[in-house]
$ cat query-v3.cif   # mmCIF, C-alpha atoms
data_final
loop_
_atom_site.label_atom_id
_atom_site.label_comp_id
_atom_site.auth_asym_id
_atom_site.auth_seq_id
_atom_site.Cartn_x
_atom_site.Cartn_y
_atom_site.Cartn_z
CA VAL A 18 -15.38 -42.03 3.71
CA VAL A 19 -13.10 -41.60 6.74
CA ASN A 20 -10.27 -43.43 4.98
CA LEU A 21 -10.75 -41.33 1.84
CA LEU A 22 -10.72 -38.14 3.90
CA GLY A 23 -7.55 -39.26 5.71
CA ILE A 24 -5.80 -40.06 2.43
CA SER A 25 -6.83 -36.68 0.98
CA ILE A 26 -5.48 -34.78 4.00
CA THR A 27 -2.24 -36.77 3.89
CA VAL A 28 -1.75 -36.08 0.17
CA LEU A 29 -2.54 -32.37 0.66
CA PHE A 30 -0.10 -32.05 3.57
CA THR A 31 2.61 -33.87 1.61
CA LEU A 32 2.15 -31.54 -1.36
CA LEU A 33 2.28 -28.51 0.95
CA LEU A 34 5.44 -29.80 2.60
CA VAL A 35 7.27 -30.70 -0.60
CA PHE A 36 6.27 -27.88 -2.91
CA ILE A 37 5.68 -24.93 -0.57
CA ILE A 38 6.95 -25.25 3.00
CA VAL A 39 10.37 -26.82 2.31
CA PRO A 40 11.15 -24.38 -0.57
CA ALA A 41 10.08 -21.51 1.72
CA ILE A 42 12.49 -22.66 4.42
CA PHE A 43 15.42 -22.52 1.98
CA GLY A 44 14.17 -19.46 0.10
CA VAL A 45 13.86 -21.19 -3.29
CA SER A 46 11.04 -21.37 -5.81
CA PHE A 47 10.07 -23.95 -8.43
CA GLY A 48 8.55 -21.25 -10.66
CA ILE A 49 5.00 -22.61 -10.30
CA ARG A 50 3.59 -19.20 -9.34
CA LYS A 51 5.11 -17.50 -12.42
CA VAL A 52 3.61 -20.13 -14.72
CA TYR A 53 0.29 -19.61 -12.93
CA MET A 54 0.55 -15.83 -13.45
CA LYS A 55 1.35 -16.16 -17.18
CA THR A 56 -1.63 -18.50 -17.62
CA LEU A 57 -3.93 -15.98 -15.91
CA LEU A 58 -2.65 -13.18 -18.15
CA LYS A 59 -3.57 -15.15 -21.26
CA ILE A 60 -7.05 -15.88 -19.88
CA PHE A 61 -7.56 -12.18 -18.98
CA GLN A 62 -6.46 -11.10 -22.47
CA TRP A 63 -8.90 -13.51 -24.10
CA ALA A 64 -11.74 -12.41 -21.79
CA THR A 65 -11.01 -8.73 -22.46
CA LEU A 66 -11.06 -9.22 -26.24
CA ARG A 67 -14.31 -11.19 -25.97
CA ILE A 68 -15.92 -8.46 -23.81
CA GLU A 69 -14.81 -5.68 -26.15
CA ARG A 70 -16.17 -7.54 -29.18
CA GLY A 71 -19.48 -8.22 -27.41
CA ALA A 72 -19.80 -4.59 -26.34
CA LYS A 73 -19.15 -3.44 -29.89
CA GLU A 74 -21.79 -5.82 -31.26
CA LYS A 75 -24.37 -4.57 -28.74
CA ASN A 76 -23.33 -0.95 -29.23
CA HIS A 77 -22.96 0.01 -25.57
CA PRO A 78 -19.99 1.77 -23.91
CA LEU A 79 -17.60 -0.57 -22.20
CA TYR A 80 -15.34 1.69 -20.15
CA LYS A 81 -16.23 4.48 -17.80
CA PRO A 82 -15.39 7.84 -19.40
CA TYR A 83 -12.88 10.14 -17.74
CA VAL A 84 -11.44 7.42 -15.50
CA ASN A 85 -8.25 9.38 -14.85
CA GLY A 86 -9.93 12.63 -13.85
CA ILE A 87 -12.45 15.03 -15.40
CA ILE A 88 -10.87 18.42 -14.79
CA ALA A 89 -7.61 19.67 -16.30
CA LYS A 90 -5.87 21.90 -13.77
CA GLU A 91 -3.02 24.28 -14.50
CA PRO A 92 -0.39 24.75 -11.76
CA THR A 93 -0.97 28.51 -11.31
CA SER A 94 -1.12 30.64 -8.17
CA LEU A 95 -4.17 32.31 -6.68
CA GLU A 96 -2.88 35.78 -7.59
CA GLU A 97 -2.20 34.84 -11.22
CA GLU A 98 -5.64 33.30 -11.70
CA ILE A 99 -7.48 36.27 -10.19
CA LYS A 100 -5.44 38.64 -12.35
CA GLU A 101 -6.48 36.71 -15.45
CA LEU A 102 -10.10 36.65 -14.29
CA ARG A 103 -10.13 40.43 -13.78
CA ARG A 104 -8.51 41.07 -17.16
CA SER A 105 -11.10 38.96 -18.97
CA GLY A 106 -13.98 40.43 -16.99
CA SER A 107 -13.24 44.13 -16.61
CA GLY A 108 -10.30 44.62 -18.94
CA LYS A 109 -8.04 46.02 -16.21
CA ALA A 110 -5.10 44.41 -14.45
CA LEU A 111 -4.43 44.11 -10.74
CA ASP A 112 -2.66 47.45 -10.45
CA THR A 113 -4.11 48.57 -7.13
CA PRO A 114 -5.03 46.26 -4.22
CA GLU A 115 -8.82 46.26 -4.01
CA PHE A 116 -11.74 43.87 -3.88
CA GLU A 117 -13.73 43.14 -7.02
CA LEU A 118 -16.98 41.24 -7.18
CA SER A 119 -15.62 39.00 -9.96
CA ASP A 120 -13.11 37.50 -7.45
CA ILE A 121 -15.99 35.46 -6.06
CA PHE A 122 -16.09 33.39 -9.23
CA TYR A 123 -12.53 32.17 -8.65
CA PHE A 124 -13.45 30.66 -5.27
CA CYS A 125 -16.72 29.23 -6.62
CA ARG A 126 -14.86 27.51 -9.46
CA LYS A 127 -12.21 26.15 -7.11
CA GLY A 128 -14.85 24.80 -4.77
CA ILE A 129 -16.74 23.02 -7.56
CA GLU A 130 -13.48 21.60 -8.96
CA THR A 131 -12.61 20.21 -5.55
CA ILE A 132 -16.02 18.59 -5.13
CA MET A 133 -16.02 17.11 -8.63
CA ASP A 134 -12.40 15.92 -8.68
CA ASP A 135 -11.16 15.57 -5.11
CA GLU A 136 -7.56 14.34 -5.24
CA VAL A 137 -7.62 13.15 -1.61
CA THR A 138 -10.69 10.99 -0.98
CA LYS A 139 -10.34 9.13 -4.29
CA ARG A 140 -6.99 7.83 -2.97
CA PHE A 141 -8.96 5.78 -0.41
CA SER A 142 -11.00 3.72 -2.85
CA ALA A 143 -9.96 0.79 -5.01
CA GLU A 144 -8.65 1.43 -8.51
CA GLU A 145 -11.14 0.75 -11.28
CA LEU A 146 -9.68 -1.65 -13.85
CA GLU A 147 -10.20 -1.22 -17.57
CA SER A 148 -10.48 -4.97 -18.13
CA TRP A 149 -12.29 -7.78 -16.37
CA ASN A 150 -10.10 -9.96 -14.15
CA LEU A 151 -12.85 -12.53 -13.48
CA LEU A 152 -13.07 -11.37 -9.85
CA SER A 153 -15.77 -8.74 -10.14
CA ARG A 154 -17.40 -6.52 -12.72
CA THR A 155 -14.71 -3.86 -12.74
CA ASN A 156 -15.98 -2.56 -16.07
CA TYR A 157 -18.31 0.37 -15.45
CA ASN A 158 -20.92 -0.73 -18.00
CA PHE A 159 -20.15 -4.45 -18.19
CA GLN A 160 -23.19 -6.59 -18.90
CA TYR A 161 -23.81 -10.22 -19.79
CA ILE A 162 -21.79 -11.01 -22.94
CA SER A 163 -21.74 -14.75 -23.56
CA LEU A 164 -22.27 -18.15 -21.98
CA ARG A 165 -18.58 -19.02 -22.29
CA LEU A 166 -17.54 -16.00 -20.21
CA THR A 167 -20.14 -16.80 -17.58
CA VAL A 168 -18.97 -20.43 -17.38
CA LEU A 169 -15.36 -19.23 -17.13
CA TRP A 170 -16.28 -16.88 -14.26
CA GLY A 171 -18.12 -19.72 -12.45
CA LEU A 172 -15.13 -22.02 -12.89
CA GLY A 173 -12.92 -19.29 -11.43
CA VAL A 174 -15.17 -19.02 -8.38
CA LEU A 175 -14.91 -22.77 -7.78
CA ILE A 176 -11.11 -22.72 -8.12
CA ARG A 177 -10.66 -19.73 -5.83
CA TYR A 178 -13.08 -20.75 -3.08
CA CYS A 179 -12.88 -24.55 -3.18
CA PHE A 180 -9.20 -25.08 -3.92
CA LEU A 181 -7.11 -21.93 -3.40
CA LEU A 182 -8.88 -20.67 -0.25
CA PRO A 183 -8.47 -23.91 1.83
CA LEU A 184 -4.88 -24.22 0.63
CA ARG A 185 -4.07 -20.63 1.56
CA ILE A 186 -5.75 -20.89 4.97
CA ALA A 187 -3.70 -24.02 5.70
CA LEU A 188 -0.50 -22.22 4.70
CA ALA A 189 -1.35 -19.12 6.73
CA PHE A 190 -2.13 -21.26 9.78
CA THR A 191 1.16 -23.13 9.31
CA GLY A 192 3.18 -19.94 8.94
CA ILE A 193 1.64 -18.19 11.98
CA SER A 194 1.91 -21.33 14.15
CA LEU A 195 5.58 -21.78 13.25
CA LEU A 196 6.23 -18.08 13.91
CA VAL A 197 4.71 -18.18 17.38
CA THR A 198 6.32 -21.53 18.29
CA GLY A 199 9.72 -20.77 16.75
CA THR A 200 10.14 -17.29 18.24
CA THR A 201 9.00 -18.51 21.66
CA VAL A 202 11.58 -21.31 21.66
CA VAL A 203 14.35 -19.04 20.36
CA GLY A 204 13.42 -16.49 23.03
CA TYR A 205 14.62 -18.87 25.78
CA LEU A 206 18.15 -19.00 24.33
CA PRO A 207 20.84 -16.71 25.79
CA ASN A 208 21.64 -13.58 23.81
CA GLY A 209 24.36 -14.10 21.25
CA ARG A 210 25.11 -14.91 17.63
CA CYS A 211 23.35 -18.26 17.78
CA LYS A 212 20.09 -16.68 19.00
CA GLU A 213 20.32 -13.91 16.39
CA PHE A 214 21.00 -16.43 13.59
CA LEU A 215 18.07 -18.67 14.57
CA SER A 216 15.72 -15.72 15.09
CA LYS A 217 16.52 -14.32 11.65
CA HIS A 218 15.89 -17.58 9.85
CA VAL A 219 12.72 -18.39 11.83
CA HIS A 220 11.29 -15.00 10.88
CA LEU A 221 12.30 -15.31 7.22
CA MET A 222 10.96 -18.87 6.96
CA CYS A 223 7.57 -18.01 8.46
CA TYR A 224 7.10 -14.82 6.45
CA ARG A 225 7.94 -16.69 3.23
CA ILE A 226 5.30 -19.29 4.06
CA CYS A 227 2.78 -16.48 4.67
CA VAL A 228 3.75 -14.91 1.32
CA ARG A 229 2.93 -18.19 -0.37
CA ALA A 230 -0.39 -18.24 1.49
CA LEU A 231 -1.31 -15.17 -0.59
CA THR A 232 0.23 -16.58 -3.78
CA ALA A 233 2.35 -13.44 -3.76
CA ILE A 234 4.63 -12.98 -6.76
CA ILE A 235 7.22 -10.38 -5.75
CA THR A 236 10.01 -8.88 -7.83
CA TYR A 237 12.79 -7.26 -5.78
CA HIS A 238 15.03 -4.66 -7.45
CA ASP A 239 18.44 -3.26 -6.37
CA ARG A 240 18.92 -5.59 -3.43
CA GLU A 241 22.36 -4.09 -2.77
CA ASN A 242 20.47 -1.14 -1.22
CA ARG A 243 18.64 -3.27 1.36
CA PRO A 244 18.41 -1.62 4.82
CA ARG A 245 21.28 -2.24 7.23
CA ASN A 246 21.55 -2.31 11.02
CA GLY A 247 21.19 1.01 12.79
CA GLY A 248 19.01 2.51 10.07
CA ILE A 249 15.33 3.14 9.38
CA CYS A 250 13.46 1.56 6.47
CA VAL A 251 10.54 3.71 5.27
CA ALA A 252 8.05 2.64 2.59
CA ASN A 253 4.74 3.71 1.11
CA HIS A 254 1.79 1.94 2.69
CA THR A 255 -0.99 0.14 0.83
CA SER A 256 -1.86 -2.85 2.97
CA PRO A 257 -1.00 -4.67 6.21
CA ILE A 258 0.66 -7.30 4.01
CA ASP A 259 3.37 -4.71 3.18
CA VAL A 260 5.10 -6.01 6.31
CA ILE A 261 5.11 -9.59 5.01
CA ILE A 262 6.24 -8.47 1.54
CA LEU A 263 9.32 -6.71 2.95
CA ALA A 264 10.07 -9.07 5.86
CA SER A 265 10.21 -12.10 3.54
CA ASP A 266 13.35 -10.57 1.97
CA GLY A 267 14.94 -8.92 5.00
CA TYR A 268 15.19 -8.97 8.78
CA TYR A 269 13.57 -5.99 10.50
CA ALA A 270 12.61 -4.71 13.91
CA MET A 271 8.92 -3.82 13.79
CA VAL A 272 7.37 -0.73 15.34
CA GLY A 273 3.74 -0.65 16.37
CA GLN A 274 1.04 -0.51 18.99
CA VAL A 275 0.44 -3.38 21.40
CA HIS A 276 -2.69 -5.35 20.43
CA GLY A 277 -4.81 -7.96 22.11
CA GLY A 278 -6.16 -11.27 20.84
CA LEU A 279 -4.25 -13.28 18.25
CA MET A 280 -2.16 -10.29 17.19
CA GLY A 281 -1.10 -9.78 20.80
CA VAL A 282 -0.01 -13.42 21.10
CA ILE A 283 2.11 -13.04 17.96
CA GLN A 284 3.65 -9.77 19.19
CA ARG A 285 4.59 -11.21 22.59
CA ALA A 286 6.19 -14.25 20.96
CA MET A 287 8.13 -12.18 18.39
CA VAL A 288 9.58 -9.74 20.91
CA LYS A 289 11.14 -12.63 22.85
CA ALA A 290 13.38 -13.49 19.91
CA CYS A 291 13.91 -10.05 18.34
CA PRO A 292 14.07 -6.47 19.73
CA HIS A 293 10.84 -5.19 18.21
CA VAL A 294 9.54 -1.85 19.49
CA TRP A 295 5.95 -2.14 20.73
CA PHE A 296 4.10 0.77 22.36
CA GLU A 297 1.11 0.81 24.67
CA ARG A 298 -1.91 2.78 23.45
CA SER A 299 -1.17 5.65 25.87
CA GLU A 300 2.48 5.79 24.79
CA VAL A 301 1.69 6.09 21.08
CA ARG A 302 0.19 9.55 21.67
CA ASP A 303 3.39 10.72 23.40
CA ARG A 304 5.48 11.81 20.40
CA HIS A 305 8.56 12.56 22.50
CA LEU A 306 8.52 9.12 24.13
CA VAL A 307 8.20 7.44 20.72
CA ALA A 308 11.09 9.50 19.34
CA LYS A 309 13.23 8.64 22.38
CA ARG A 310 12.61 4.89 22.02
CA LEU A 311 13.40 4.99 18.30
CA THR A 312 16.55 7.07 18.88
CA GLU A 313 17.83 4.61 21.47
CA HIS A 314 17.25 1.76 19.03
CA VAL A 315 19.04 3.28 16.01
CA GLN A 316 21.99 4.49 18.07
CA ASP A 317 22.91 0.86 18.68
CA LYS A 318 24.43 -0.12 15.34
CA SER A 319 24.14 -3.80 16.20
CA LYS A 320 20.34 -3.64 16.26
CA LEU A 321 18.15 -4.39 13.27
CA PRO A 322 16.82 -1.66 10.95
CA ILE A 323 13.41 -0.36 11.99
CA LEU A 324 10.54 -0.79 9.52
CA ILE A 325 8.18 2.21 9.46
CA PHE A 326 5.32 3.36 7.22
CA PRO A 327 5.33 7.16 7.74
CA GLU A 328 2.00 7.79 5.97
CA GLY A 329 0.24 6.31 9.01
CA THR A 330 -2.61 4.86 6.94
CA CYS A 331 -3.19 2.76 3.82
CA ILE A 332 -3.38 4.52 0.43
CA ASN A 333 -4.72 2.83 -2.71
CA ASN A 334 -1.30 2.45 -4.38
CA THR A 335 -1.86 5.27 -6.87
CA SER A 336 -0.05 7.90 -4.80
CA VAL A 337 2.11 8.68 -1.79
CA MET A 338 0.72 11.07 0.81
CA MET A 339 2.36 13.15 3.52
CA PHE A 340 5.05 11.45 5.64
CA LYS A 341 4.89 12.10 9.36
CA LYS A 342 8.10 13.85 10.36
CA GLY A 343 8.83 11.86 13.55
CA SER A 344 10.90 9.18 11.79
CA PHE A 345 13.05 11.84 10.14
CA GLU A 346 13.89 13.84 13.28
CA ILE A 347 16.12 11.29 14.98
CA GLY A 348 19.13 11.65 12.67
CA ALA A 349 19.40 8.05 11.46
CA THR A 350 20.19 6.87 7.94
CA VAL A 351 16.95 6.34 6.03
CA TYR A 352 16.55 3.50 3.53
CA PRO A 353 13.58 4.31 1.23
CA VAL A 354 11.59 1.46 -0.32
CA ALA A 355 8.94 1.79 -3.03
CA ILE A 356 6.19 -0.86 -3.28
CA LYS A 357 3.90 -1.03 -6.30
CA TYR A 358 1.10 -3.61 -6.61
CA ASP A 359 -0.45 -4.84 -9.85
CA PRO A 360 -4.26 -4.62 -9.29
CA GLN A 361 -4.98 -6.83 -12.30
CA PHE A 362 -4.66 -10.03 -10.23
CA GLY A 363 -6.10 -8.74 -6.96
CA ASP A 364 -6.48 -5.40 -5.19
CA ALA A 365 -4.14 -5.29 -2.19
CA PHE A 366 -5.48 -1.96 -0.85
CA TRP A 367 -7.11 -2.16 2.57
CA ASN A 368 -9.96 0.28 2.95
CA SER A 369 -10.20 0.04 6.72
CA SER A 370 -13.25 2.34 6.74
CA LYS A 371 -15.17 -0.20 4.66
CA TYR A 372 -13.74 -3.64 5.53
CA GLY A 373 -12.66 -5.23 8.77
CA MET A 374 -9.43 -7.22 8.98
CA VAL A 375 -11.13 -10.62 8.62
CA THR A 376 -13.14 -9.50 5.56
CA TYR A 377 -10.04 -7.96 4.03
CA LEU A 378 -7.96 -11.12 4.48
CA LEU A 379 -10.79 -13.18 2.99
CA ARG A 380 -10.77 -10.90 -0.06
CA MET A 381 -6.99 -11.32 -0.34
CA MET A 382 -7.15 -15.10 -0.06
CA THR A 383 -9.89 -15.35 -2.69
CA SER A 384 -8.03 -13.18 -5.19
CA TRP A 385 -6.07 -14.77 -8.00
CA ALA A 386 -2.71 -13.61 -6.66
CA ILE A 387 -0.86 -10.66 -5.16
CA VAL A 388 1.67 -9.36 -7.67
CA CYS A 389 4.01 -6.51 -6.76
CA SER A 390 7.41 -4.94 -7.36
CA VAL A 391 9.73 -3.69 -4.61
CA TRP A 392 12.55 -1.20 -5.23
CA TYR A 393 15.29 -0.63 -2.66
CA LEU A 394 16.48 2.96 -3.10
CA PRO A 395 19.96 4.25 -2.11
CA PRO A 396 20.22 5.32 1.55
CA MET A 397 19.50 8.96 2.34
CA THR A 398 20.63 11.20 5.19
CA ARG A 399 19.38 14.55 6.39
CA GLN A 400 21.33 17.49 4.95
CA PRO A 401 22.62 20.26 7.27
CA GLU A 402 20.25 22.86 5.80
CA GLU A 403 17.18 20.59 5.92
CA ASP A 404 14.57 20.35 8.63
CA ALA A 405 12.68 17.12 9.31
CA VAL A 406 9.72 18.07 7.09
CA GLN A 407 11.93 18.87 4.09
CA PHE A 408 13.86 15.63 4.56
CA ALA A 409 10.61 13.65 4.77
CA ASN A 410 9.32 15.29 1.57
CA ARG A 411 12.58 14.53 -0.26
CA VAL A 412 12.38 10.84 0.71
CA LYS A 413 8.68 10.74 -0.22
CA SER A 414 9.39 12.25 -3.65
CA ALA A 415 12.08 9.64 -4.33
CA ILE A 416 9.70 6.80 -3.44
CA ALA A 417 6.89 8.25 -5.58
CA ARG A 418 9.20 8.76 -8.55
CA GLN A 419 10.57 5.22 -8.43
CA GLY A 420 7.19 3.55 -7.88
CA GLY A 421 5.38 5.59 -10.55
CA LEU A 422 3.08 7.07 -7.89
CA VAL A 423 1.56 10.55 -7.56
CA ASP A 424 3.37 12.69 -4.96
CA LEU A 425 0.77 14.45 -2.78
CA LEU A 426 1.31 16.85 0.12
CA TRP A 427 -2.02 16.00 1.80
CA ASP A 428 -2.11 14.21 5.16
CA GLY A 429 -3.47 10.65 4.97
CA GLY A 430 -5.29 11.41 8.23
CA LEU A 431 -7.92 13.16 6.10
CA LYS A 432 -9.26 9.66 5.52
CA ARG A 433 -11.02 9.98 8.89
CA GLU A 434 -10.66 13.65 9.87
CA LYS A 435 -11.75 17.00 8.49
CA VAL A 436 -9.34 19.43 6.87
CA LYS A 437 -7.45 21.47 9.47
CA ASP A 438 -8.42 25.12 9.83
CA ALA A 439 -4.80 26.02 9.05
CA PHE A 440 -5.28 24.97 5.40
CA LYS A 441 -8.35 27.19 5.07
CA GLU A 442 -6.62 30.08 6.81
CA GLU A 443 -3.66 29.81 4.42
CA GLN A 444 -5.93 30.52 1.43
CA GLN A 445 -7.60 33.38 3.33
CA LYS A 446 -4.18 34.89 4.12
CA LEU A 447 -3.08 34.70 0.48
CA TYR A 448 -6.17 36.57 -0.68
CA SER A 449 -5.98 39.08 2.18
CA LYS A 450 -2.38 39.95 1.28
CA MET A 451 -3.45 40.51 -2.30
CA ILE A 452 -6.25 42.89 -1.19
CA VAL A 453 -4.53 44.89 1.57
CA GLY A 454 -0.95 44.46 0.34
CA ASN A 455 1.94 42.64 1.99
#

$ encode --input "query-v3.cif" --output "structure tokens"
Amino acid sequence: VVNLLGISITVLFTLLLVFIIVPAIFGVSFGIRKVYMKTLLKIFQWATLRIERGAKEKNHPLYKPYVNGIIAKEPTSLEEEIKELRRSGSGKALDTPEFELSDIFYFCRKGIETIMDDEVTKRFSAEELESWNLLSRTNYNFQYISLRLTVLWGLGVLIRYCFLLPLRIALAFTGISLLVTGTTVVGYLPNGRCKEFLSKHVHLMCYRICVRALTAIITYHDRENRPRNGGICVANHTSPIDVIILASDGYYAMVGQVHGGLMGVIQRAMVKACPHVWFERSEVRDRHLVAKRLTEHVQDKSKLPILIFPEGTCINNTSVMMFKKGSFEIGATVYPVAIKYDPQFGDAFWNSSKYGMVTYLLRMMTSWAIVCSVWYLPPMTRQPEEDAVQFANRVKSAIARQGGLVDLLWDGGLKREKVKDAFKEEQQKLYSKMIVGN
């Protein structure tokens, strides 16, 4: 038994070395993951057809109605809607500023619409798929269909948990160990081109191994627009693995809060080899100190581009929410990047209110794969007539448009906080002006 176990471990390590680790070091691929993805697509298509046929035979609805929203909203102003309401109710227009009892119905309707179809909180839950991906019952009314589908699902569980999960854990452990060891060793070298060269390739090698630990299949577009030294790379944020997705194709200086535990060990090792910008917990709250540190970094054109996610929280990859303006105040060239995940193979969204980091990583490593597209957009600079908020909104709109995401003005902080009183007061002011005049 011991000999058999030793032979198995040796064979597994050899396969990892030959087919995954060595190709990752040189940035090449044998195309195994793409063949794997095409095979999964065919299986999903067959399963979907079988489910649809079974649902039709049993005469029960298969898909949840109104998946994409239940209320059609017209982009009209408060004043226009109340005018229309008054015309239909009393037959007179809004000629003189005065209060009418029928105005109450406008606010009641708006309140019910918001409760029934809230465009903010639904951005913090996983997308519901229209077809079964053999991971979970993503169909709203999916029930038992056939023995073959059940056997196929059970076989998928065995493959994901008994084969893919151990393989991915081994790769993740290898990548993190090499990152800590490699950056620590490189950190002892004197500053210069040799240290920079080695640091870059150690980071790229380790991130590529970690990408393979997730069976990530990434398509990069417009690589000529990749961020350059002295700039800031901003991207929409879906998951902590966004960092690995981008860093496996480029060399970045990271920005973040100092952590303890394993993450702290990794941060301390990385900063020895590369000028990452880490902040203590007390410093993060000091916006001026953060802006000063970032400004000092980007003013040195020899330093790496900074990687920042201005939303400040993870969104479910259906939309882009408000960008914090701090990154856009310092006057650096901004390199926008749009990331779009395909949820059919595995949901990359991290709902931090529901899952801890360990649970989330386990869900990622037991998914079929992580498939995504990355677009590098042309660099953007702040125009003379723009303030930081307008510049941030312009960059956000470009990312949303390229990634096929919904552009929302809401703050992602609403994931954990209540709506600010300023938003409520704005609606009150609009109605007050209509009643008492401007």

$ residues_around --input "query-v3.cif" --residues "Ala64 of chain A" --least-positions-apart "6" --cutoff "10 Å" --atoms "only C-alpha atoms" --output "PyMOL selection string"
chain A and resi 58+70+148-151+165-166+169-170

$ atom_distance --input "query-v3.cif" --atom1 "atom CA of Ala439 of chain A" --atom2 "atom CA of Phe116 of chain A"
23.1 Å

$ atom_distance --input "query-v3.cif" --atom1 "atom CA of Glu443 of chain A" --atom2 "atom CA of Phe122 of chain A"
18.8 Å

$ atom_distance --input "query-v3.cif" --atom1 "atom CA of Arg50 of chain A" --atom2 "atom CA of Ala386 of chain A"
8.8 Å

$ resolve_selection --input "query-v3.cif" --expression "the PyMOL selection byres ((chain A and resi 315-329) around 7)" --output "ChimeraX atom specification"
/A:244-254,269-272,311-314,330,338-341,349,429

$ closest_residue --input "query-v3.cif" --among "A:Val388, A:Val137, A:Ala409, A:Leu152" --to "Leu175 of chain A" --atoms "all atoms listed in the file"
A:Leu152

$ closest_residue --input "query-v3.cif" --among "A:Phe180, A:Phe47, A:Tyr205, A:Phe345" --to "Val406 of chain A" --atoms "only C-alpha atoms"
A:Phe345

$ residues_around --input "query-v3.cif" --residues "Val197 of chain A" --least-positions-apart "2" --cutoff "12 Å" --atoms "only C-alpha atoms" --output "list in words"
Phe190, Thr191, Gly192, Ile193, Ser194, Leu195, Gly199, Thr200, Thr201, Val202, Val203, Gly204, Ser216, Val219, His220, Cys223, Tyr224, Leu279, Met280, Gly281, Val282, Ile283, Gln284, Arg285, Ala286, Met287, Val288, Lys289 and Ala290 of chain A

$ closest_residue --input "query-v3.cif" --among "A:Thr255, A:Asn208, A:Ser94, A:Thr167" --to "Pro292 of chain A" --atoms "all atoms listed in the file"
A:Asn208

$ resolve_selection --input "query-v3.cif" --expression "the PyMOL selection byres ((chain A and resi 265) around 7)" --output "list in words"
Leu221, Tyr224, Arg225, Ile261, Ile262, Leu263, Ala264, Asp266 and Gly267 of chain A

$ resolve_selection --input "query-v3.cif" --expression "the PyMOL selection byres ((chain A and resi 188) around 10)" --output "CSV table (one decimal) with C-alpha atoms, keeping the file's coordinate frame"
chain,number,residue,atom,x,y,z
A,30,PHE,CA,-0.1,-32.0,3.6
A,33,LEU,CA,2.3,-28.5,1.0
A,34,LEU,CA,5.4,-29.8,2.6
A,37,ILE,CA,5.7,-24.9,-0.6
A,38,ILE,CA,7.0,-25.2,3.0
A,182,LEU,CA,-8.9,-20.7,-0.2
A,183,PRO,CA,-8.5,-23.9,1.8
A,184,LEU,CA,-4.9,-24.2,0.6
A,185,ARG,CA,-4.1,-20.6,1.6
A,186,ILE,CA,-5.8,-20.9,5.0
A,187,ALA,CA,-3.7,-24.0,5.7
A,189,ALA,CA,-1.4,-19.1,6.7
A,190,PHE,CA,-2.1,-21.3,9.8
A,191,THR,CA,1.2,-23.1,9.3
A,192,GLY,CA,3.2,-19.9,8.9
A,193,ILE,CA,1.6,-18.2,12.0
A,194,SER,CA,1.9,-21.3,14.2
A,223,CYS,CA,7.6,-18.0,8.5
A,226,ILE,CA,5.3,-19.3,4.1
A,227,CYS,CA,2.8,-16.5,4.7
A,228,VAL,CA,3.8,-14.9,1.3
A,229,ARG,CA,2.9,-18.2,-0.4
A,230,ALA,CA,-0.4,-18.2,1.5
A,231,LEU,CA,-1.3,-15.2,-0.6

$ closest_residue --input "query-v3.cif" --among "A:Arg67, A:Arg243, A:Arg411, A:Lys139" --to "Ser163 of chain A" --atoms "all atoms listed in the file"
A:Arg67

$ closest_residue --input "query-v3.cif" --among "A:Cys291, A:Leu394, A:Leu32, A:Met222" --to "Glu241 of chain A" --atoms "only C-alpha atoms"
A:Leu394

$ axis_aligned_box --input "query-v3.cif" --around "segment 183-187 of chain A" --padding-each-side "5 Å" --output "AutoDock Vina command-line options"
--center_x -6.1 --center_y -22.4 --center_z 3.2 --size_x 14.8 --size_y 13.6 --size_z 15.1

$ residues_around --input "query-v3.cif" --residues "segment 236-240 of chain A" --least-positions-apart "2" --cutoff "6 Å" --atoms "all atoms listed in the file" --output "short mmCIF file (atom, residue, chain, number, x, y, z; two decimals) with C-alpha atoms, in the coordinates of the input"
data_model
loop_
_atom_site.label_atom_id
_atom_site.label_comp_id
_atom_site.auth_asym_id
_atom_site.auth_seq_id
_atom_site.Cartn_x
_atom_site.Cartn_y
_atom_site.Cartn_z
CA ASN A 242 20.47 -1.14 -1.22
CA ARG A 243 18.64 -3.27 1.36
CA SER A 390 7.41 -4.94 -7.36
CA VAL A 391 9.73 -3.69 -4.61
CA TRP A 392 12.55 -1.20 -5.23
CA TYR A 393 15.29 -0.63 -2.66
#

$ closest_residue --input "query-v3.cif" --among "A:Thr376, A:Ser344, A:Thr383, A:Asn368" --to "Cys331 of chain A" --atoms "only C-alpha atoms"
A:Asn368
